[in-house]
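Trainee: One file is attached below, query33.pdb, containing PDB, C-alpha atoms, pLDDT in the B column.
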ATOM      1  CA  MET T1383      -3.999  10.379  -0.534  1.00 48.00           C
ATOM      2  CA  LYS T1384      -0.227  10.079  -0.034  1.00 46.00           C
ATOM      3  CA  LYS T1385      -0.669   6.847   1.960  1.00 44.00           C
ATOM      4  CA  ILE T1386      -2.876   5.332  -0.775  1.00 42.00           C
ATOM      5  CA  THR T1387      -0.271   6.240  -3.386  1.00 41.00           C
ATOM      6  CA  LYS T1388       2.439   4.513  -1.317  1.00 43.00           C
ATOM      7  CA  ILE T1389       0.307   1.384  -0.970  1.00 41.00           C
ATOM      8  CA  LEU T1390      -0.438   1.284  -4.693  1.00 38.00           C
ATOM      9  CA  ALA T1391       3.255   1.777  -5.505  1.00 43.00           C
ATOM     10  CA  THR T1392       4.156  -1.127  -3.199  1.00 42.00           C
ATOM     11  CA  ILE T1393       1.540  -3.387  -4.821  1.00 41.00           C
ATOM     12  CA  LEU T1394       2.686  -2.416  -8.303  1.00 38.00           C
ATOM     13  CA  THR T1395       6.319  -3.103  -7.410  1.00 39.00           C
ATOM     14  CA  ALA T1396       5.372  -6.513  -6.013  1.00 41.00           C
ATOM     15  CA  ALA T1397       3.368  -7.311  -9.148  1.00 37.00           C
ATOM     16  CA  LEU T1398       6.285  -6.344 -11.386  1.00 33.00           C
ATOM     17  CA  LEU T1399       8.747  -8.416  -9.349  1.00 36.00           C
ATOM     18  CA  CYS T1400       6.402 -11.381  -9.590  1.00 38.00           C
ATOM     19  CA  GLY T1401       5.761 -11.097 -13.306  1.00 36.00           C
ATOM     20  CA  GLY T1402       2.247  -9.695 -13.067  1.00 35.00           C
ATOM     21  CA  ALA T1403      -0.667  -9.499 -10.665  1.00 33.00           C
ATOM     22  CA  ALA T1404      -2.030 -12.877 -11.745  1.00 31.00           C
ATOM     23  CA  THR T1405       1.071 -14.610 -10.410  1.00 30.00           C
ATOM     24  CA  MET T1406       1.399 -12.702  -7.129  1.00 33.00           C
ATOM     25  CA  ALA T1407      -0.256 -15.506  -5.163  1.00 34.00           C
ATOM     26  CA  SER T1408       2.511 -17.876  -6.282  1.00 32.00           C
ATOM     27  CA  CYS T1409       5.280 -15.419  -5.586  1.00 38.00           C
ATOM     28  CA  SER T1410       6.572 -16.978  -2.398  1.00 39.00           C
ATOM     29  CA  ARG T1411       8.704 -20.017  -1.754  1.00 42.00           C
ATOM     30  CA  LYS T1412       6.355 -22.969  -1.440  1.00 44.00           C
ATOM     31  CA  ASN T1413       6.712 -23.971   2.215  1.00 47.00           C
ATOM     32  CA  ASP T1414       3.136 -25.226   2.683  1.00 46.00           C
ATOM     33  CA  ASP T1415       4.079 -28.763   1.607  1.00 48.00           C
ATOM     34  CA  PRO T1416       5.668 -30.576   4.583  1.00 47.00           C
ATOM     35  CA  ALA T1417       7.728 -32.819   2.288  1.00 47.00           C
ATOM     36  CA  ALA T1418       9.193 -29.761   0.537  1.00 49.00           C
ATOM     37  CA  ASN T1419      10.573 -28.511   3.846  1.00 45.00           C
ATOM     38  CA  GLU T1420      12.499 -31.659   4.691  1.00 59.00           C
ATOM     39  CA  GLN T1421      16.263 -31.410   4.233  1.00 64.00           C
ATOM     40  CA  VAL T1422      16.214 -27.682   3.461  1.00 79.00           C
ATOM     41  CA  ASP T1423      19.595 -26.063   4.027  1.00 82.00           C
ATOM     42  CA  TYR T1424      18.386 -22.616   5.035  1.00 85.00           C
ATOM     43  CA  SER T1425      21.974 -21.421   5.585  1.00 82.00           C
ATOM     44  CA  GLN T1426      22.436 -21.248   1.803  1.00 80.00           C
ATOM     45  CA  ILE T1427      19.437 -18.961   1.280  1.00 83.00           C
ATOM     46  CA  LYS T1428      20.327 -15.263   1.118  1.00 84.00           C
ATOM     47  CA  ALA T1429      17.095 -13.844   2.551  1.00 89.00           C
ATOM     48  CA  TYR T1430      15.479 -13.232   5.921  1.00 92.00           C
ATOM     49  CA  LYS T1431      14.228 -16.462   7.438  1.00 95.00           C
ATOM     50  CA  VAL T1432      11.774 -16.433  10.341  1.00 96.00           C
ATOM     51  CA  LYS T1433      10.787 -19.489  12.389  1.00 97.00           C
ATOM     52  CA  VAL T1434       7.588 -19.249  14.435  1.00 97.00           C
ATOM     53  CA  VAL T1435       7.426 -21.489  17.513  1.00 96.00           C
ATOM     54  CA  ASP T1436       4.928 -21.973  20.327  1.00 95.00           C
ATOM     55  CA  PRO T1437       5.882 -21.380  23.987  1.00 94.00           C
ATOM     56  CA  ASP T1438       7.248 -24.967  24.133  1.00 94.00           C
ATOM     57  CA  GLY T1439       9.526 -24.368  21.129  1.00 95.00           C
ATOM     58  CA  LYS T1440       7.476 -26.458  18.680  1.00 95.00           C
ATOM     59  CA  PRO T1441       7.158 -25.087  15.107  1.00 96.00           C
ATOM     60  CA  VAL T1442       3.863 -23.472  14.122  1.00 95.00           C
ATOM     61  CA  ALA T1443       2.770 -23.933  10.504  1.00 94.00           C
ATOM     62  CA  GLY T1444       0.490 -21.600   8.545  1.00 94.00           C
ATOM     63  CA  VAL T1445       1.312 -18.337  10.316  1.00 96.00           C
ATOM     64  CA  ARG T1446       1.791 -15.501   7.833  1.00 96.00           C
ATOM     65  CA  VAL T1447       5.036 -13.608   8.457  1.00 96.00           C
ATOM     66  CA  GLN T1448       5.483 -10.078   7.178  1.00 94.00           C
ATOM     67  CA  ILE T1449       8.347  -7.616   7.516  1.00 92.00           C
ATOM     68  CA  CYS T1450       7.710  -3.888   7.702  1.00 91.00           C
ATOM     69  CA  LYS T1451       9.824  -0.766   7.611  1.00 89.00           C
ATOM     70  CA  GLY T1452       7.758   2.133   8.866  1.00 88.00           C
ATOM     71  CA  GLU T1453       4.394   1.937   7.112  1.00 89.00           C
ATOM     72  CA  ASP T1454       5.782  -0.058   4.174  1.00 89.00           C
ATOM     73  CA  CYS T1455       5.113  -3.777   4.581  1.00 90.00           C
ATOM     74  CA  MET T1456       6.074  -6.662   2.314  1.00 90.00           C
ATOM     75  CA  GLN T1457       3.715  -9.415   1.178  1.00 90.00           C
ATOM     76  CA  PRO T1458       3.202 -11.952   4.000  1.00 94.00           C
ATOM     77  CA  ILE T1459       4.663 -15.427   3.537  1.00 94.00           C
ATOM     78  CA  ALA T1460       3.201 -18.482   5.336  1.00 95.00           C
ATOM     79  CA  THR T1461       5.339 -20.697   7.541  1.00 96.00           C
ATOM     80  CA  GLY T1462       5.746 -24.293   6.445  1.00 95.00           C
ATOM     81  CA  ALA T1463       5.437 -27.450   8.544  1.00 95.00           C
ATOM     82  CA  ASP T1464       8.846 -26.641  10.045  1.00 96.00           C
ATOM     83  CA  GLY T1465       7.588 -23.217  11.163  1.00 96.00           C
ATOM     84  CA  VAL T1466       9.930 -21.368   8.771  1.00 96.00           C
ATOM     85  CA  ALA T1467       9.007 -18.617   6.320  1.00 95.00           C
ATOM     86  CA  VAL T1468      11.595 -17.471   3.776  1.00 93.00           C
ATOM     87  CA  LEU T1469      10.865 -13.842   2.969  1.00 90.00           C
ATOM     88  CA  GLU T1470      11.487 -13.468  -0.756  1.00 84.00           C
ATOM     89  CA  TYR T1471       9.746 -13.229  -4.149  1.00 62.00           C
ATOM     90  CA  LYS T1472      10.716 -15.862  -6.732  1.00 65.00           C
ATOM     91  CA  GLY T1473      14.230 -16.132  -5.386  1.00 68.00           C
ATOM     92  CA  ALA T1474      14.717 -12.369  -5.008  1.00 74.00           C
ATOM     93  CA  ALA T1475      15.263 -11.443  -1.381  1.00 75.00           C
ATOM     94  CA  TYR T1476      13.986  -8.254   0.165  1.00 81.00           C
ATOM     95  CA  PRO T1477      16.718  -5.607   0.526  1.00 86.00           C
ATOM     96  CA  GLU T1478      18.875  -5.946   3.620  1.00 88.00           C
ATOM     97  CA  ALA T1479      17.661  -3.508   6.279  1.00 90.00           C
ATOM     98  CA  ILE T1480      16.222  -3.559   9.777  1.00 92.00           C
ATOM     99  CA  TYR T1481      12.530  -4.536   9.636  1.00 92.00           C
ATOM    100  CA  GLU T1482       9.872  -5.179  12.262  1.00 93.00           C
ATOM    101  CA  ILE T1483       8.546  -8.733  12.104  1.00 93.00           C
ATOM    102  CA  HIS T1484       4.743  -8.911  12.050  1.00 93.00           C
ATOM    103  CA  LEU T1485       2.651 -12.062  12.295  1.00 95.00           C
ATOM    104  CA  GLN T1486      -0.842 -12.587  10.925  1.00 93.00           C
ATOM    105  CA  ASN T1487      -3.397 -15.308  11.721  1.00 92.00           C
ATOM    106  CA  VAL T1488      -1.732 -16.348  14.987  1.00 93.00           C
ATOM    107  CA  PRO T1489      -3.474 -19.528  16.243  1.00 91.00           C
ATOM    108  CA  ASP T1490      -6.183 -19.249  18.904  1.00 91.00           C
ATOM    109  CA  GLY T1491      -4.809 -19.300  22.423  1.00 91.00           C
ATOM    110  CA  TYR T1492      -1.642 -17.396  21.492  1.00 92.00           C
ATOM    111  CA  THR T1493      -0.624 -13.766  21.116  1.00 92.00           C
ATOM    112  CA  PHE T1494       2.259 -11.944  19.487  1.00 91.00           C
ATOM    113  CA  ASP T1495       3.682  -8.468  20.028  1.00 86.00           C
ATOM    114  CA  ASN T1496       4.377  -6.990  16.556  1.00 80.00           C
ATOM    115  CA  THR T1497       6.885  -4.530  18.024  1.00 78.00           C
ATOM    116  CA  LYS T1498       8.992  -7.091  19.899  1.00 86.00           C
ATOM    117  CA  TYR T1499      11.064  -8.651  17.093  1.00 93.00           C
ATOM    118  CA  LYS T1500      13.218  -7.050  14.417  1.00 94.00           C
ATOM    119  CA  THR T1501      15.455  -8.442  11.699  1.00 93.00           C
ATOM    120  CA  PRO T1502      19.185  -7.827  11.822  1.00 93.00           C
ATOM    121  CA  ALA T1503      20.563  -5.340   9.296  1.00 91.00           C
ATOM    122  CA  THR T1504      21.936  -8.180   7.140  1.00 90.00           C
ATOM    123  CA  TYR T1505      20.848 -11.719   6.256  1.00 90.00           C
ATOM    124  CA  GLY T1506      22.037 -14.485   8.527  1.00 88.00           C
ATOM    125  CA  ASP T1507      20.672 -17.228  10.713  1.00 90.00           C
ATOM    126  CA  ILE T1508      17.010 -18.069  11.123  1.00 94.00           C
ATOM    127  CA  ILE T1509      15.259 -15.566  13.374  1.00 95.00           C
ATOM    128  CA  GLU T1510      13.210 -17.463  15.952  1.00 95.00           C
ATOM    129  CA  VAL T1511       9.964 -15.799  17.014  1.00 95.00           C
ATOM    130  CA  LYS T1512       8.159 -17.231  20.035  1.00 95.00           C
ATOM    131  CA  LEU T1513       4.396 -16.898  20.472  1.00 95.00           C
ATOM    132  CA  ASP T1514       3.047 -16.053  23.929  1.00 92.00           C
ATOM    133  CA  LYS T1515       0.137 -17.846  25.597  1.00 90.00           C
ATOM    134  CA  ALA T1516      -2.980 -15.684  25.645  1.00 89.00           C
ATOM    135  CA  ALA T1517      -3.988 -14.470  29.099  1.00 82.00           C
TER
END
The structure given in the file should be rewritten as structure tokens.

Mentor:
Amino acid sequence: MKKITKILATILTAALLCGGAATMASCSRKNDDPAANEQVDYSQIKAYKVKVVDPDGKPVAGVRVQICKGEDCMQPIATGADGVAVLEYKGAAYPEAIYEIHLQNVPDGYTFDNTKYKTPATYGDIIEVKLDKAA
């Protein structure tokens, strides 16, 4: 029961930050349009930024990136054509802390260890996360 209460509280908080449940789907920075990602100066964005690359260092689009602290996880944000996901809601960054970086919908043929990467305690450069080839 306590875990369900925590999950509901997290969802409610996200809905309030986004202006209501109906707008939660549009709560993230739009990085799914390749043209929107051109010329982005990520250094000016005060939020965690994660770039997902394949074993050859090429960006991977469409991977959902999520940061978690313990059992509390934030809404996943999809990487754009440049492989970058900016982890924020409508311009409001998640609080600075150390989070585990989790990936969802990793492309076929690749794997990812959800315990391998963590954010730094404060915002900074783009955190590069490399996928592994599946065995």

Trainee: Taking the file as shown, find all residues satisfying the PyMOL selection byres ((chain T and resi 1424) around 12) and write them as a PDB file with C-alpha atoms, in the coordinates of the input.

Mentor:
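Once written, out.pdb looks like this:
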ATOM      1  CA  ASN T1419      10.573 -28.511   3.846  1.00 45.00           C
ATOM      2  CA  GLU T1420      12.499 -31.659   4.691  1.00 59.00           C
ATOM      3  CA  GLN T1421      16.263 -31.410   4.233  1.00 64.00           C
ATOM      4  CA  VAL T1422      16.214 -27.682   3.461  1.00 79.00           C
ATOM      5  CA  ASP T1423      19.595 -26.063   4.027  1.00 82.00           C
ATOM      6  CA  SER T1425      21.974 -21.421   5.585  1.00 82.00           C
ATOM      7  CA  GLN T1426      22.436 -21.248   1.803  1.00 80.00           C
ATOM      8  CA  ILE T1427      19.437 -18.961   1.280  1.00 83.00           C
ATOM      9  CA  LYS T1428      20.327 -15.263   1.118  1.00 84.00           C
ATOM     10  CA  ALA T1429      17.095 -13.844   2.551  1.00 89.00           C
ATOM     11  CA  TYR T1430      15.479 -13.232   5.921  1.00 92.00           C
ATOM     12  CA  LYS T1431      14.228 -16.462   7.438  1.00 95.00           C
ATOM     13  CA  VAL T1432      11.774 -16.433  10.341  1.00 96.00           C
ATOM     14  CA  LYS T1433      10.787 -19.489  12.389  1.00 97.00           C
ATOM     15  CA  ASP T1464       8.846 -26.641  10.045  1.00 96.00           C
ATOM     16  CA  VAL T1466       9.930 -21.368   8.771  1.00 96.00           C
ATOM     17  CA  ALA T1467       9.007 -18.617   6.320  1.00 95.00           C
ATOM     18  CA  VAL T1468      11.595 -17.471   3.776  1.00 93.00           C
ATOM     19  CA  LEU T1469      10.865 -13.842   2.969  1.00 90.00           C
ATOM     20  CA  TYR T1505      20.848 -11.719   6.256  1.00 90.00           C
ATOM     21  CA  GLY T1506      22.037 -14.485   8.527  1.00 88.00           C
ATOM     22  CA  ASP T1507      20.672 -17.228  10.713  1.00 90.00           C
ATOM     23  CA  ILE T1508      17.010 -18.069  11.123  1.00 94.00           C
ATOM     24  CA  ILE T1509      15.259 -15.566  13.374  1.00 95.00           C
TER      25      ILE T1509
END

Trainee: Can you list, as a PyMOL selection string, every protein, DNA or RNA residue that comes within 6 Å of T:Lys1500 when you count all atoms listed in the file, leaving out same-chain residues fewer than 5 positions away?

Mentor: chain T and resi 1481-1483

Trainee: Exactly which residues make up the result of the PyMOL selection byres ((chain T and resi 1441) around 9) on this file, given as a list in words?

Mentor: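 So the PyMOL selection byres ((chain T and resi 1441) around 9) ends up selecting Lys1433, Val1434, Val1435, Asp1436, Gly1439, Lys1440, Val1442, Ala1443, Thr1461, Gly1462, Ala1463, Asp1464, Gly1465 and Val1466 of chain T.
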
Trainee: Report, in Å to a single decimal, how far apart atom CA of T:Asn1487 and atom CA of T:Val1447 are.

Mentor: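 These two atoms are separated by 9.2 Å.
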
Trainee: Kindly indicate which residue among T:Leu1485, T:Ala1516, T:Ala1479, T:Asp1490 lies nearest to T:Thr1504, using all atoms listed in the file for the distances.

Mentor: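 For T:Thr1504, the nearest of the given residues is T:Ala1479.
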
Trainee: Quick check, in Å to one decimal: how far apart do atom CA of T:Pro1437 and atom CA of T:Lys1498 lie?

Mentor: 15.2 Å

Trainee: For the file shown, report as a ChimeraX atom specification the outcome of the PyMOL selection byres ((chain T and resi 1492) around 10) at residue level.

Mentor: /T:1436-1437,1488-1491,1493-1494,1512-1517

Trainee: Atom CA of T:Tyr1476 and atom CA of T:Pro1458, how far apart in Å?

Mentor: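 Calculated distance between atom CA of T:Pro1458 and atom CA of T:Tyr1476 is 12.0 Å.
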